[in-house]
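A short worksheet on the structure shown next.
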Amino acid sequence: TTDVLYIDQDGNVGIGTTSPATLLDVSKSDAGNILTSRVYNTDNTNAASSTKLSILVGGTSAGDPTVQFGIPGGGAGNYIMGIDNSDGDKFKIAYVLADTPILGTNDRLTIDSSGNVGIGTTAPLNTLHVNGSGAQGGLRVTNESGQNIFFVNSTSGNVGIGTTSPQRKLHIVTSAVSSLQLDPSGRDKVVIEDATASRLLLSTSSTWHSAINFADTDAWNAGEVIYDHSVDPMSF
């Protein structure tokens, strides 16, 4: 006969195994199928009819209540998520190359009690706090085609729109006619300030032109300052 349920001398319960390694150890080899478990409240008449899975520890001096996702053996990576009891009860997701990962090591995402979310930091100071390392370790937004829309270099703090190699605090690269449009209600639309020297750089290919246009509600080019790189004249 095949043992369906087994209880060893330590009180460990095995379902599908006679060598339970934990208090409850469910094991089955089922090629081509998905093993599932469920807690199902079948009532559909009362809004208070719910289900809950609780993962608890003994108190504030105990360890962490966690859930682990992993591939055992061979040094494969494991994800673990739960409450870090020793770090302000922050909810964390960590990635560790170990069969028994713990929170506080290689934490990837942190949510503190204020609701601040940290990526790359366990002490988020704002609603979203991203802390990267290296030139490519900042913040990047791409479209569905994989094109870079917005990028922040975590080393220099430079921001790129349309480029992942911003050379200045704001670096815009685009093939569109209009790359930057400012229309606020205040008097000062753009301020460039430096303690020693300030510069505005307009760059394009040697066969095109750079221009500053002055527009009103009737025309986008009511006035213009233009430099033609192909023949090197400046015109107004």
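To be explicit about the labels: the chains of the structure tokens are called A, B, and onward in the order shown, and within each one the residues are counted from 1, while ligands get numbers from 1 in the order they are shown.
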
Checklist entry - Which polymer residues have any atom within 8 Å of an atom of segment 16-24 of chain A, counting only C-alpha atoms, with same-chain residues fewer than 6 positions away left out, as a PyMOL selection string? => result chain A and resi 3-8

Next on the checklist: Quick one: residues within 6 Å of Gly138 of chain A, only C-alpha atoms, excluding same-chain residues fewer than 5 positions away - as a ChimeraX atom specification?
Outcome noted: /A:132,152-154

Store the residues picked out above, limited to all heavy atoms, as a short mmCIF file (atom, residue, chain, number, x, y, z; two decimals), in the first residue's frame.
data_model
loop_
_atom_site.label_atom_id
_atom_site.label_comp_id
_atom_site.auth_asym_id
_atom_site.auth_seq_id
_atom_site.Cartn_x
_atom_site.Cartn_y
_atom_site.Cartn_z
N GLY A 132 19.99 53.37 -7.33
CA GLY A 132 20.75 52.48 -8.20
C GLY A 132 22.24 52.70 -8.01
O GLY A 132 22.69 53.54 -7.24
N VAL A 152 17.34 58.20 -15.87
CA VAL A 152 18.09 58.95 -14.87
C VAL A 152 19.38 58.20 -14.55
O VAL A 152 19.34 57.03 -14.16
CB VAL A 152 17.29 59.15 -13.57
CG1 VAL A 152 18.11 59.94 -12.55
CG2 VAL A 152 15.97 59.86 -13.85
N ASN A 153 20.51 58.86 -14.76
CA ASN A 153 21.81 58.30 -14.44
C ASN A 153 22.03 58.43 -12.93
O ASN A 153 22.08 59.54 -12.39
CB ASN A 153 22.90 59.04 -15.21
CG ASN A 153 24.28 58.44 -15.01
OD1 ASN A 153 24.72 58.21 -13.89
ND2 ASN A 153 24.98 58.21 -16.10
N SER A 154 22.17 57.29 -12.23
CA SER A 154 22.25 57.33 -10.78
C SER A 154 23.59 57.84 -10.27
O SER A 154 23.73 58.15 -9.09
CB SER A 154 21.98 55.94 -10.20
OG SER A 154 22.96 55.02 -10.64
#

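Pairwise distance (atom CA of Asn12 of chain A, atom CA of Gly73 of chain A) equals 22.1 Å.
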
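Residues in contact range of segment 40-55 of chain A, defined as at most 10 Å between only C-alpha atoms, with sequence neighbours fewer than 6 positions away removed, read Asp64, Pro65, Thr66, Val67 and Gly82 of chain A.
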
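Compared by their closest atoms to Thr110 of chain A, and using only C-alpha atoms, the residues A:Ala98, A:Ser133, A:Asp84, A:Val225 rank with A:Asp84 nearest.
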
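Contact shell of Thr174 of chain A at 9 Å (only C-alpha atoms; same-chain neighbours under 6 positions omitted): Ile161, Gly162 and Thr163 of chain A.
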
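Restricting the calculation to only C-alpha atoms, the smallest distance between His209 of chain A and any of A:Glu224, A:Asp194, A:Asp10, A:Asp232 is found for A:Asp232.
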
Checklist entry - Which residues come within 12 Å of Gln167 of chain A, counting only C-alpha atoms, excluding same-chain residues fewer than 3 positions away, as a ChimeraX atom specification? => result /A:135,151-153,155-161,163-164,170-173,201

Item to check | strand (DSSP E) per DSSP on the backbone: members of segment 105-178 of chain A, as a ChimeraX atom specification | outcome: /A:107-111,117-119,128-130,139-142,148-152,159-161,170-172

Give me a file of those residues, with N, CA, C and O atoms, as a CSV table (one decimal), in the first residue's frame.
chain,number,residue,atom,x,y,z
A,107,ASP,N,17.9,42.8,-0.3
A,107,ASP,CA,16.5,43.2,-0.4
A,107,ASP,C,16.3,44.0,-1.7
A,107,ASP,O,17.1,44.9,-2.0
A,108,ARG,N,15.4,43.6,-2.5
A,108,ARG,CA,15.1,44.2,-3.8
A,108,ARG,C,14.0,45.3,-3.7
A,108,ARG,O,14.1,46.3,-4.4
A,109,LEU,N,13.0,45.1,-2.9
A,109,LEU,CA,11.9,46.0,-2.7
A,109,LEU,C,11.5,46.1,-1.3
A,109,LEU,O,11.4,45.1,-0.6
A,110,THR,N,11.3,47.4,-0.8
A,110,THR,CA,10.9,47.6,0.6
A,110,THR,C,9.7,48.5,0.6
A,110,THR,O,9.7,49.5,-0.1
A,111,ILE,N,8.7,48.2,1.5
A,111,ILE,CA,7.6,49.1,1.8
A,111,ILE,C,7.6,49.4,3.3
A,111,ILE,O,7.5,48.4,4.0
A,117,VAL,N,7.8,53.4,-0.8
A,117,VAL,CA,8.4,52.2,-1.5
A,117,VAL,C,9.8,52.5,-1.9
A,117,VAL,O,10.1,53.5,-2.5
A,118,GLY,N,10.7,51.5,-1.6
A,118,GLY,CA,12.1,51.6,-1.9
A,118,GLY,C,12.5,50.5,-2.8
A,118,GLY,O,12.2,49.4,-2.6
A,119,ILE,N,13.2,50.9,-3.9
A,119,ILE,CA,13.8,50.0,-4.8
A,119,ILE,C,15.3,50.2,-4.8
A,119,ILE,O,15.7,51.3,-5.2
A,128,LEU,N,8.1,57.0,-3.7
A,128,LEU,CA,8.9,56.1,-4.5
A,128,LEU,C,10.3,56.6,-4.4
A,128,LEU,O,10.6,57.7,-4.8
A,129,HIS,N,11.2,55.7,-3.9
A,129,HIS,CA,12.6,56.1,-3.8
A,129,HIS,C,13.4,55.0,-4.5
A,129,HIS,O,13.4,53.8,-4.0
A,130,VAL,N,14.1,55.3,-5.6
A,130,VAL,CA,14.9,54.4,-6.3
A,130,VAL,C,16.3,54.7,-6.1
A,130,VAL,O,16.8,55.9,-6.4
A,139,LEU,N,16.9,55.2,-13.0
A,139,LEU,CA,15.5,55.0,-13.4
A,139,LEU,C,15.4,55.0,-14.9
A,139,LEU,O,15.9,56.0,-15.5
A,140,ARG,N,14.6,54.1,-15.5
A,140,ARG,CA,14.5,54.0,-16.9
A,140,ARG,C,13.0,53.7,-17.2
A,140,ARG,O,12.4,52.8,-16.6
A,141,VAL,N,12.4,54.4,-18.2
A,141,VAL,CA,11.1,54.2,-18.7
A,141,VAL,C,11.2,54.0,-20.2
A,141,VAL,O,11.8,54.8,-20.9
A,142,THR,N,10.7,52.8,-20.7
A,142,THR,CA,10.7,52.6,-22.1
A,142,THR,C,9.2,52.4,-22.6
A,142,THR,O,8.3,52.1,-21.8
A,148,ASN,N,13.8,54.0,-25.4
A,148,ASN,CA,14.0,54.7,-24.1
A,148,ASN,C,13.3,56.0,-24.1
A,148,ASN,O,13.5,56.9,-25.0
A,149,ILE,N,12.4,56.2,-23.2
A,149,ILE,CA,11.6,57.4,-23.1
A,149,ILE,C,12.2,58.4,-22.0
A,149,ILE,O,12.3,59.6,-22.2
A,150,PHE,N,12.5,57.8,-20.9
A,150,PHE,CA,13.0,58.6,-19.7
A,150,PHE,C,14.1,57.8,-19.0
A,150,PHE,O,13.9,56.6,-18.7
A,151,PHE,N,15.2,58.5,-18.7
A,151,PHE,CA,16.3,57.8,-18.0
A,151,PHE,C,17.0,58.7,-17.0
A,151,PHE,O,17.2,59.9,-17.3
A,152,VAL,N,17.3,58.2,-15.9
A,152,VAL,CA,18.1,59.0,-14.9
A,152,VAL,C,19.4,58.2,-14.6
A,152,VAL,O,19.3,57.0,-14.2
A,159,VAL,N,19.5,63.6,-16.4
A,159,VAL,CA,18.2,63.1,-16.9
A,159,VAL,C,18.2,63.1,-18.4
A,159,VAL,O,18.5,64.1,-19.0
A,160,GLY,N,17.9,61.9,-18.9
A,160,GLY,CA,17.8,61.8,-20.4
A,160,GLY,C,16.4,61.5,-20.9
A,160,GLY,O,15.8,60.6,-20.3
A,161,ILE,N,16.0,62.2,-21.8
A,161,ILE,CA,14.7,62.0,-22.5
A,161,ILE,C,15.0,61.6,-23.9
A,161,ILE,O,15.5,62.4,-24.7
A,170,LEU,N,19.7,67.9,-18.0
A,170,LEU,CA,18.6,67.5,-18.8
A,170,LEU,C,19.1,67.4,-20.3
A,170,LEU,O,19.5,68.4,-20.8
A,171,HIS,N,19.0,66.2,-20.9
A,171,HIS,CA,19.5,66.0,-22.2
A,171,HIS,C,18.3,65.3,-23.0
A,171,HIS,O,17.9,64.2,-22.7
A,172,ILE,N,17.9,66.0,-24.0
A,172,ILE,CA,16.7,65.6,-24.8
A,172,ILE,C,17.2,65.2,-26.2
A,172,ILE,O,17.9,66.0,-26.9

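The closest residue to Met81 of chain A, picked from A:Gly146, A:Lys169, A:Gly104, A:Asp99 and counting only C-alpha atoms, is A:Gly104.
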
Next on the checklist: One number please: atom CA of Ile102 of chain A to atom CA of Val26 of chain A, in Å, one decimal.
Outcome noted: 22.3 Å
